[in-house]
file my_file-v4.cif (mmCIF, C-alpha atoms)
data_structure
#
loop_
_atom_site.label_atom_id
_atom_site.label_comp_id
_atom_site.auth_asym_id
_atom_site.auth_seq_id
_atom_site.Cartn_x
_atom_site.Cartn_y
_atom_site.Cartn_z
CA MET B 1 15.75 20.44 1.77
CA GLU B 2 14.18 19.03 -1.38
CA ALA B 3 10.49 18.09 -1.06
CA ILE B 4 7.22 17.85 -2.93
CA VAL B 5 4.62 20.22 -1.50
CA TYR B 6 0.98 21.04 -2.23
CA GLU B 7 -1.19 23.78 -0.74
CA GLU B 8 -4.61 22.92 -2.18
CA PHE B 9 -6.57 19.88 -3.29
CA GLY B 10 -6.56 19.07 -6.98
CA GLY B 11 -4.89 17.19 -9.81
CA PRO B 12 -1.19 16.40 -10.25
CA GLU B 13 -0.56 20.03 -11.19
CA VAL B 14 -0.91 21.12 -7.53
CA LEU B 15 2.30 19.25 -6.64
CA ARG B 16 5.35 21.52 -6.50
CA HIS B 17 8.98 20.51 -6.33
CA GLU B 18 10.74 22.80 -3.86
CA THR B 19 14.32 22.95 -2.64
CA GLY B 20 14.07 25.37 0.30
CA VAL B 21 11.78 23.39 2.62
CA ALA B 22 12.82 23.42 6.28
CA VAL B 23 14.39 20.22 7.59
CA PRO B 24 12.06 18.75 10.28
CA GLU B 25 13.32 18.29 13.83
CA PRO B 26 12.46 15.03 15.61
CA GLY B 27 10.23 15.21 18.66
CA ALA B 28 9.84 12.72 21.50
CA GLY B 29 9.83 9.16 20.22
CA GLU B 30 10.74 10.18 16.65
CA VAL B 31 13.78 9.72 14.45
CA ARG B 32 14.74 11.79 11.47
CA VAL B 33 15.75 9.84 8.39
CA LYS B 34 17.64 10.75 5.25
CA VAL B 35 15.20 9.29 2.76
CA ALA B 36 16.65 6.91 0.15
CA ALA B 37 13.41 5.65 -1.43
CA VAL B 38 9.72 6.53 -1.26
CA GLY B 39 6.81 4.22 -1.99
CA VAL B 40 4.01 5.67 -4.16
CA ASN B 41 0.50 4.50 -3.26
CA PRO B 42 -3.03 5.09 -4.61
CA VAL B 43 -3.89 6.79 -1.32
CA ASP B 44 -1.36 9.51 -2.23
CA HIS B 45 -3.45 10.84 -5.10
CA LYS B 46 -6.68 10.28 -3.17
CA ARG B 47 -5.32 12.50 -0.40
CA ARG B 48 -4.23 15.06 -2.99
CA TYR B 49 -7.79 15.23 -4.31
CA GLY B 50 -9.18 15.49 -0.77
CA TRP B 51 -11.15 12.26 -1.12
CA VAL B 52 -10.03 10.62 2.14
CA GLU B 53 -10.13 13.48 4.62
CA GLN B 54 -12.10 11.31 7.06
CA PHE B 55 -9.02 9.09 7.37
CA TYR B 56 -6.25 11.61 6.68
CA PRO B 57 -7.07 15.21 7.64
CA THR B 58 -4.79 17.53 5.68
CA THR B 59 -2.93 20.55 7.01
CA PHE B 60 -1.48 22.77 4.29
CA PRO B 61 1.22 23.04 3.14
CA ALA B 62 1.37 19.24 2.91
CA VAL B 63 4.09 16.80 1.87
CA PRO B 64 2.68 13.57 0.36
CA GLY B 65 3.76 10.03 1.08
CA LEU B 66 3.35 7.42 3.79
CA GLU B 67 6.26 5.01 3.43
CA PHE B 68 10.01 5.37 3.21
CA ALA B 69 13.32 3.61 3.42
CA GLY B 70 16.40 5.50 4.56
CA THR B 71 19.16 6.13 7.07
CA VAL B 72 18.63 7.44 10.60
CA ASP B 73 19.99 11.01 10.71
CA ALA B 74 18.94 12.24 14.17
CA LEU B 75 17.20 10.94 17.30
CA GLY B 76 14.42 12.64 19.23
CA PRO B 77 14.15 12.58 23.04
CA GLY B 78 13.49 9.16 24.52
CA VAL B 79 14.38 7.14 21.42
CA THR B 80 16.25 3.93 22.21
CA GLY B 81 17.22 0.79 20.32
CA VAL B 82 18.35 2.63 17.18
CA ALA B 83 21.41 4.74 16.32
CA VAL B 84 22.34 7.42 13.83
CA GLY B 85 23.47 5.66 10.66
CA ASP B 86 21.10 2.69 11.00
CA GLU B 87 19.22 1.69 7.85
CA VAL B 88 15.47 1.56 8.48
CA PHE B 89 12.14 1.61 6.69
CA GLY B 90 8.59 2.34 7.76
CA TRP B 91 5.96 5.07 8.03
CA THR B 92 6.55 8.81 8.11
CA THR B 93 4.77 11.38 10.25
CA THR B 94 5.78 14.33 8.07
CA GLY B 95 5.46 13.02 4.51
CA ALA B 96 7.85 10.79 2.61
CA TYR B 97 8.19 12.80 -0.62
CA ALA B 98 11.16 14.66 0.85
CA GLU B 99 14.88 14.55 1.40
CA TYR B 100 14.33 14.15 5.16
CA ALA B 101 11.33 12.85 7.10
CA LEU B 102 10.34 12.01 10.66
CA ALA B 103 9.17 8.57 11.74
CA GLU B 104 7.88 6.77 14.82
CA VAL B 105 6.93 3.42 13.28
CA PHE B 106 9.91 1.76 11.60
CA ALA B 107 12.05 -1.37 11.59
CA PRO B 108 15.62 -2.29 10.61
CA LYS B 109 16.17 -2.82 6.89
CA PRO B 110 17.69 -6.25 6.22
CA THR B 111 21.04 -6.10 4.46
CA GLY B 112 19.79 -8.21 1.57
CA LEU B 113 16.86 -5.89 0.81
CA SER B 114 17.25 -2.97 -1.58
CA TRP B 115 16.04 0.53 -0.68
CA GLU B 116 13.35 0.22 -3.35
CA GLN B 117 12.12 -3.12 -2.02
CA ALA B 118 12.10 -1.89 1.57
CA ALA B 119 10.04 1.17 0.61
CA SER B 120 7.53 -1.17 -1.06
CA ILE B 121 6.69 -3.06 2.13
CA PRO B 122 4.98 -0.83 4.74
CA VAL B 123 1.63 0.04 3.12
CA ALA B 124 1.15 -3.13 1.09
CA GLY B 125 2.26 -5.41 3.90
CA GLU B 126 0.21 -3.71 6.61
CA THR B 127 -2.90 -3.44 4.43
CA ALA B 128 -2.76 -7.04 3.21
CA GLN B 129 -2.12 -8.45 6.68
CA ARG B 130 -4.78 -6.27 8.33
CA VAL B 131 -7.52 -7.23 5.88
CA LEU B 132 -6.67 -10.92 5.94
CA ASP B 133 -6.85 -10.80 9.73
CA LEU B 134 -10.19 -8.95 9.63
CA LEU B 135 -11.57 -11.60 7.29
CA GLY B 136 -10.23 -14.37 9.47
CA VAL B 137 -9.37 -16.59 6.51
CA THR B 138 -7.83 -19.87 7.53
CA SER B 139 -6.19 -22.88 5.91
CA GLY B 140 -8.60 -24.77 3.68
CA GLU B 141 -10.81 -21.76 2.92
CA THR B 142 -11.16 -20.06 -0.46
CA LEU B 143 -10.60 -16.32 -0.81
CA LEU B 144 -11.71 -14.18 -3.75
CA LEU B 145 -9.29 -11.29 -4.16
CA HIS B 146 -10.31 -8.43 -6.47
CA GLY B 147 -7.33 -6.55 -7.90
CA ALA B 148 -4.98 -9.41 -7.14
CA ALA B 149 -2.17 -8.23 -9.44
CA GLY B 150 -1.78 -4.85 -7.75
CA VAL B 151 0.85 -4.22 -5.10
CA VAL B 152 -1.46 -4.83 -2.13
CA GLY B 153 -3.22 -7.67 -3.92
CA SER B 154 -0.05 -9.51 -4.84
CA VAL B 155 1.27 -9.33 -1.28
CA ALA B 156 -2.11 -10.53 0.03
CA VAL B 157 -2.06 -13.43 -2.43
CA GLN B 158 1.33 -14.57 -1.15
CA LEU B 159 0.43 -14.21 2.53
CA ALA B 160 -2.84 -16.08 2.05
CA VAL B 161 -1.32 -18.89 -0.03
CA ALA B 162 1.44 -19.32 2.56
CA ALA B 163 -1.30 -19.75 5.18
CA GLY B 164 -2.94 -22.57 3.20
CA VAL B 165 -5.74 -20.49 1.71
CA THR B 166 -6.89 -21.06 -1.88
CA VAL B 167 -6.90 -17.70 -3.66
CA VAL B 168 -8.98 -16.84 -6.72
CA GLY B 169 -7.66 -13.53 -8.02
CA THR B 170 -9.26 -11.14 -10.50
CA ALA B 171 -6.95 -9.39 -12.95
CA SER B 172 -6.56 -8.52 -16.61
CA GLU B 173 -5.48 -11.45 -18.75
CA ARG B 174 -1.99 -10.03 -19.23
CA ASN B 175 -1.44 -10.54 -15.48
CA HIS B 176 -2.75 -14.11 -15.25
CA ALA B 177 0.63 -15.81 -15.62
CA TYR B 178 2.01 -13.53 -12.91
CA LEU B 179 -0.80 -14.49 -10.51
CA GLU B 180 -0.28 -18.17 -11.25
CA SER B 181 3.40 -17.74 -10.37
CA LEU B 182 2.29 -16.40 -6.97
CA GLY B 183 0.03 -19.40 -6.39
CA ALA B 184 -3.36 -17.85 -7.22
CA ILE B 185 -6.07 -19.03 -9.61
CA PRO B 186 -6.56 -16.10 -12.00
CA VAL B 187 -9.90 -15.04 -13.47
CA ALA B 188 -10.66 -12.11 -15.76
CA TYR B 189 -12.77 -9.33 -14.33
CA GLY B 190 -15.76 -7.81 -16.13
CA GLU B 191 -19.09 -9.16 -17.35
CA GLY B 192 -19.64 -12.80 -16.44
CA LEU B 193 -17.25 -12.67 -13.47
CA ALA B 194 -19.55 -14.62 -11.14
CA ASP B 195 -19.70 -17.58 -13.51
CA ARG B 196 -15.95 -17.59 -14.00
CA VAL B 197 -15.35 -17.52 -10.25
CA ARG B 198 -17.80 -20.40 -9.71
CA ALA B 199 -15.97 -22.41 -12.34
CA ALA B 200 -12.62 -21.68 -10.68
CA ALA B 201 -13.96 -22.42 -7.17
CA PRO B 202 -16.75 -25.01 -7.49
CA ASP B 203 -16.88 -25.47 -3.70
CA GLY B 204 -17.69 -21.79 -3.21
CA ILE B 205 -16.11 -18.60 -1.90
CA ASP B 206 -15.65 -18.19 1.84
CA ALA B 207 -14.38 -14.60 1.95
CA VAL B 208 -13.67 -11.62 -0.31
CA PHE B 209 -10.83 -9.10 -0.18
CA ASP B 210 -11.63 -6.18 -2.48
CA ALA B 211 -8.56 -4.21 -3.52
CA ALA B 212 -10.09 -2.97 -6.79
CA GLY B 213 -13.29 -1.12 -5.93
CA HIS B 214 -14.92 -1.01 -9.35
CA ASP B 215 -18.48 -2.39 -8.97
CA THR B 216 -17.06 -5.36 -7.07
CA LEU B 217 -19.34 -5.45 -4.04
CA PRO B 218 -22.65 -6.73 -5.51
CA VAL B 219 -20.97 -9.73 -7.13
CA SER B 220 -18.96 -10.33 -3.95
CA ILE B 221 -22.14 -10.45 -1.88
CA GLU B 222 -23.66 -12.84 -4.41
CA LEU B 223 -20.66 -15.18 -4.39
CA THR B 224 -20.52 -15.39 -0.59
CA GLY B 225 -24.23 -16.11 -0.35
CA GLY B 226 -24.88 -12.80 1.36
CA ALA B 227 -22.23 -13.25 4.06
CA LYS B 228 -21.32 -9.54 4.18
CA GLU B 229 -19.26 -10.03 7.34
CA ARG B 230 -16.76 -12.02 5.25
CA ILE B 231 -16.19 -9.17 2.79
CA VAL B 232 -13.76 -6.28 3.33
CA THR B 233 -12.89 -3.53 0.85
CA ILE B 234 -10.02 -1.07 0.80
CA ALA B 235 -11.16 0.58 -2.43
CA ALA B 236 -14.96 0.76 -2.84
CA VAL B 237 -16.16 4.20 -1.73
CA ASP B 238 -19.76 2.95 -1.72
CA ALA B 239 -19.03 0.24 0.88
CA ALA B 240 -21.46 1.64 3.46
CA GLU B 241 -24.32 1.56 0.95
CA HIS B 242 -23.84 -2.19 0.62
CA GLY B 243 -23.29 -2.85 4.32
CA ILE B 244 -19.65 -3.80 3.74
CA VAL B 245 -16.67 -2.93 5.95
CA PHE B 246 -14.30 -0.36 4.46
CA SER B 247 -10.86 -0.71 6.04
CA GLY B 248 -8.60 2.32 5.80
CA VAL B 249 -4.91 2.33 6.63
CA THR B 250 -4.53 2.13 10.40
CA VAL B 251 -1.09 1.74 11.86
CA GLU B 252 -0.98 0.43 15.44
CA PRO B 253 2.71 0.93 16.29
CA PRO B 254 3.60 -2.30 18.13
CA LEU B 255 1.80 -4.57 15.68
CA ALA B 256 2.96 -2.54 12.66
CA ARG B 257 6.60 -2.89 13.76
CA THR B 258 6.14 -6.63 14.10
CA TRP B 259 4.62 -6.88 10.62
CA LEU B 260 7.36 -4.69 9.11
CA THR B 261 10.03 -6.95 10.57
CA THR B 262 8.28 -10.18 9.55
CA HIS B 263 7.52 -9.09 5.99
CA ALA B 264 11.01 -7.68 5.46
CA ARG B 265 12.58 -10.93 6.61
CA SER B 266 10.32 -12.88 4.24
CA ALA B 267 11.27 -10.58 1.36
CA ALA B 268 14.99 -10.78 2.12
CA GLU B 269 14.78 -14.58 2.23
CA GLY B 270 12.86 -14.73 -1.05
CA ARG B 271 9.58 -15.92 0.46
CA LEU B 272 7.76 -12.66 -0.30
CA ARG B 273 8.09 -11.34 -3.85
CA LEU B 274 8.13 -7.57 -4.32
CA VAL B 275 7.97 -6.21 -7.86
CA VAL B 276 9.28 -2.68 -8.45
CA ALA B 277 7.67 -1.47 -11.65
CA GLU B 278 9.56 1.78 -12.08
CA THR B 279 11.76 4.23 -10.18
CA LEU B 280 11.55 7.97 -10.80
CA PRO B 281 13.37 10.99 -9.38
CA LEU B 282 11.49 12.86 -6.66
CA LYS B 283 10.91 15.87 -8.91
CA GLU B 284 8.74 13.63 -11.14
CA ALA B 285 6.28 12.92 -8.31
CA ALA B 286 3.34 14.27 -10.34
CA ARG B 287 4.06 11.81 -13.14
CA ALA B 288 4.41 8.97 -10.64
CA GLN B 289 1.00 9.77 -9.15
CA GLU B 290 -0.53 9.94 -12.64
CA LEU B 291 0.86 6.48 -13.39
CA SER B 292 -0.47 5.19 -10.07
CA GLU B 293 -3.89 6.71 -10.68
CA SER B 294 -4.12 5.06 -14.10
CA GLY B 295 -4.36 1.68 -12.37
CA HIS B 296 -2.34 -0.06 -15.09
CA VAL B 297 0.99 -0.43 -13.30
CA ARG B 298 1.98 -3.92 -12.15
CA GLY B 299 4.33 -3.54 -9.26
CA LYS B 300 5.53 -0.68 -7.12
CA LEU B 301 6.32 2.85 -8.20
CA VAL B 302 9.22 4.27 -6.21
CA LEU B 303 10.57 7.83 -5.97
CA LEU B 304 14.24 8.48 -5.32
CA PRO B 305 15.13 11.80 -3.59
#
call {"tool": "encode", "arguments": {"input": "my_file-v4.cif", "output": "structure tokens"}}
result
Amino acid sequence: MEAIVYEEFGGPEVLRHETGVAVPEPGAGEVRVKVAAVGVNPVDHKRRYGWVEQFYPTTFPAVPGLEFAGTVDALGPGVTGVAVGDEVFGWTTTGAYAEYALAEVFAPKPTGLSWEQAASIPVAGETAQRVLDLLGVTSGETLLLHGAAGVVGSVAVQLAVAAGVTVVGTASERNHAYLESLGAIPVAYGEGLADRVRAAAPDGIDAVFDAAGHDTLPVSIELTGGAKERIVTIAAVDAAEHGIVFSGVTVEPPLARTWLTTHARSAAEGRLRLVVAETLPLKEAARAQELSESGHVRGKLVLLP
């Protein structure tokens, strides 16, 4: 089968496009899917560099990718409630940058959702929901969201706003109109951020969701009055030095399936907006990861096997 493979940590050049990779066989509780779309995430290049081994131990040769959308091709022992030919999306256990992949955590793809949109949901939806739940933000509170125009950030904005939370989102000025359309109050990042946030939220900041990770923690601690327990980062590698919780991707199957289903329904009904920035063929995975690593893409990058 066609797949992207790497056998050492490094830059985009370690990714190889191969056509003779063995098709995986589903084990107990797994399905095999014919992949139709693959979501590209920042964690993909971080894994390629070997930066997140504490969360994702790598066994070489490795196939990148966490999230997919596709058609069930085969069932492993003990799998019920799904049939060959069903359209699903979710998380892979073997790597999504491939023609075929295995999965345990997945949900039905709504008819009104495109393959590209479905492949955009798992990581962003799970991460946004998990961090908002960790923060415990509730209606009437004000959330500062660093990196609000990114894929995770924009989903988090929408989930928080729908829950009655006021969201102040940091982003470059070119993304301010976009954030306003999602219901957030945009502020420019950079020098003077604290003053701009105070002007946007004169009653103060109750919690901080950091999806950016670029020197965001000191100002976050300042703006919450030192309430470190109300700050969570998914991007700042120096979180422990500041006494802040770093939340890595953790998929608890029953809850993850519930979130997949809920977020997909919201997207299909137009209540959750998913922006696909660009689609690329699977063989251009290295370029896709370079674009992702640049941090200047608004919306989801999707690979098509």
call {"tool": "residues_around", "arguments": {"input": "my_file-v4.cif", "residues": "Gly125 of chain B", "least_positions_apart": "2", "cutoff": "10 Å", "atoms": "only C-alpha atoms", "output": "number ranges by chain"}}
result
B: 120-123, 127-130, 151-156, 159, 256, 259-260, 262-264
call {"tool": "atom_distance", "arguments": {"input": "my_file-v4.cif", "atom1": "atom CA of Ala184 of chain B", "atom2": "atom CA of Gly136 of chain B"}}
result
18.4 Å
call {"tool": "axis_aligned_box", "arguments": {"input": "my_file-v4.cif", "around": "segment 174-179 of chain B", "padding_each_side": "8 Å", "output": "lines of an AutoDock Vina configuration file"}}
result
center_x = -0.4
center_y = -12.9
center_z = -14.9
size_x = 20.8
size_y = 21.8
size_z = 24.7
call {"tool": "resolve_selection", "arguments": {"input": "my_file-v4.cif", "expression": "the PyMOL selection byres ((chain B and resi 117) around 12)", "output": "PyMOL selection string"}}
result
chain B and resi 36-39+67-70+88-90+109-116+118-122+124-125+151+263-268+270+272-279+299-303
call {"tool": "atom_distance", "arguments": {"input": "my_file-v4.cif", "atom1": "atom CA of Gln54 of chain B", "atom2": "atom CA of Glu252 of chain B"}}
result
17.7 Å
call {"tool": "resolve_selection", "arguments": {"input": "my_file-v4.cif", "expression": "the PyMOL selection byres ((chain B and resi 11-19) around 10)", "output": "JSON list (two decimals) with C-alpha atoms, in the frame of the given file"}}
result
[["chain", "number", "residue", "atom", "x", "y", "z"],
["B", 1, "MET", "CA", 15.75, 20.44, 1.77],
["B", 2, "GLU", "CA", 14.18, 19.03, -1.38],
["B", 3, "ALA", "CA", 10.49, 18.09, -1.06],
["B", 4, "ILE", "CA", 7.22, 17.85, -2.93],
["B", 5, "VAL", "CA", 4.62, 20.22, -1.50],
["B", 6, "TYR", "CA", 0.98, 21.04, -2.23],
["B", 7, "GLU", "CA", -1.19, 23.78, -0.74],
["B", 8, "GLU", "CA", -4.61, 22.92, -2.18],
["B", 9, "PHE", "CA", -6.57, 19.88, -3.29],
["B", 10, "GLY", "CA", -6.56, 19.07, -6.98],
["B", 20, "GLY", "CA", 14.07, 25.37, 0.30],
["B", 21, "VAL", "CA", 11.78, 23.39, 2.62],
["B", 22, "ALA", "CA", 12.82, 23.42, 6.28],
["B", 45, "HIS", "CA", -3.45, 10.84, -5.10],
["B", 46, "LYS", "CA", -6.68, 10.28, -3.17],
["B", 48, "ARG", "CA", -4.23, 15.06, -2.99],
["B", 49, "TYR", "CA", -7.79, 15.23, -4.31],
["B", 62, "ALA", "CA", 1.37, 19.24, 2.91],
["B", 63, "VAL", "CA", 4.09, 16.80, 1.87],
["B", 64, "PRO", "CA", 2.68, 13.57, 0.36],
["B", 97, "TYR", "CA", 8.19, 12.80, -0.62],
["B", 98, "ALA", "CA", 11.16, 14.66, 0.85],
["B", 99, "GLU", "CA", 14.88, 14.55, 1.40],
["B", 282, "LEU", "CA", 11.49, 12.86, -6.66],
["B", 283, "LYS", "CA", 10.91, 15.87, -8.91],
["B", 284, "GLU", "CA", 8.74, 13.63, -11.14],
["B", 285, "ALA", "CA", 6.28, 12.92, -8.31],
["B", 286, "ALA", "CA", 3.34, 14.27, -10.34],
["B", 287, "ARG", "CA", 4.06, 11.81, -13.14],
["B", 288, "ALA", "CA", 4.41, 8.97, -10.64],
["B", 289, "GLN", "CA", 1.00, 9.77, -9.15],
["B", 290, "GLU", "CA", -0.53, 9.94, -12.64]]
call {"tool": "residues_around", "arguments": {"input": "my_file-v4.cif", "residues": "Gly85 of chain B", "least_positions_apart": "6", "cutoff": "8 Å", "atoms": "all atoms listed in the file", "output": "number ranges by chain"}}
result
B: 71-73
call {"tool": "closest_residue", "arguments": {"input": "my_file-v4.cif", "among": "B:Gly204, B:Pro57, B:Gly95, B:Gly192", "to": "Leu143 of chain B", "atoms": "only C-alpha atoms"}}
result
B:Gly204
call {"tool": "residues_around", "arguments": {"input": "my_file-v4.cif", "residues": "Arg32 of chain B", "least_positions_apart": "4", "cutoff": "9 Å", "atoms": "all atoms listed in the file", "output": "CSV table (one decimal) with C-alpha atoms, in the frame of the given file"}}
result
chain,number,residue,atom,x,y,z
B,24,PRO,CA,12.1,18.8,10.3
B,25,GLU,CA,13.3,18.3,13.8
B,26,PRO,CA,12.5,15.0,15.6
B,71,THR,CA,19.2,6.1,7.1
B,72,VAL,CA,18.6,7.4,10.6
B,73,ASP,CA,20.0,11.0,10.7
B,74,ALA,CA,18.9,12.2,14.2
B,75,LEU,CA,17.2,10.9,17.3
B,76,GLY,CA,14.4,12.6,19.2
B,100,TYR,CA,14.3,14.2,5.2
B,101,ALA,CA,11.3,12.8,7.1
B,102,LEU,CA,10.3,12.0,10.7
B,103,ALA,CA,9.2,8.6,11.7
call {"tool": "atom_distance", "arguments": {"input": "my_file-v4.cif", "atom1": "atom CA of Gly295 of chain B", "atom2": "atom CA of Arg47 of chain B"}}
result
16.2 Å
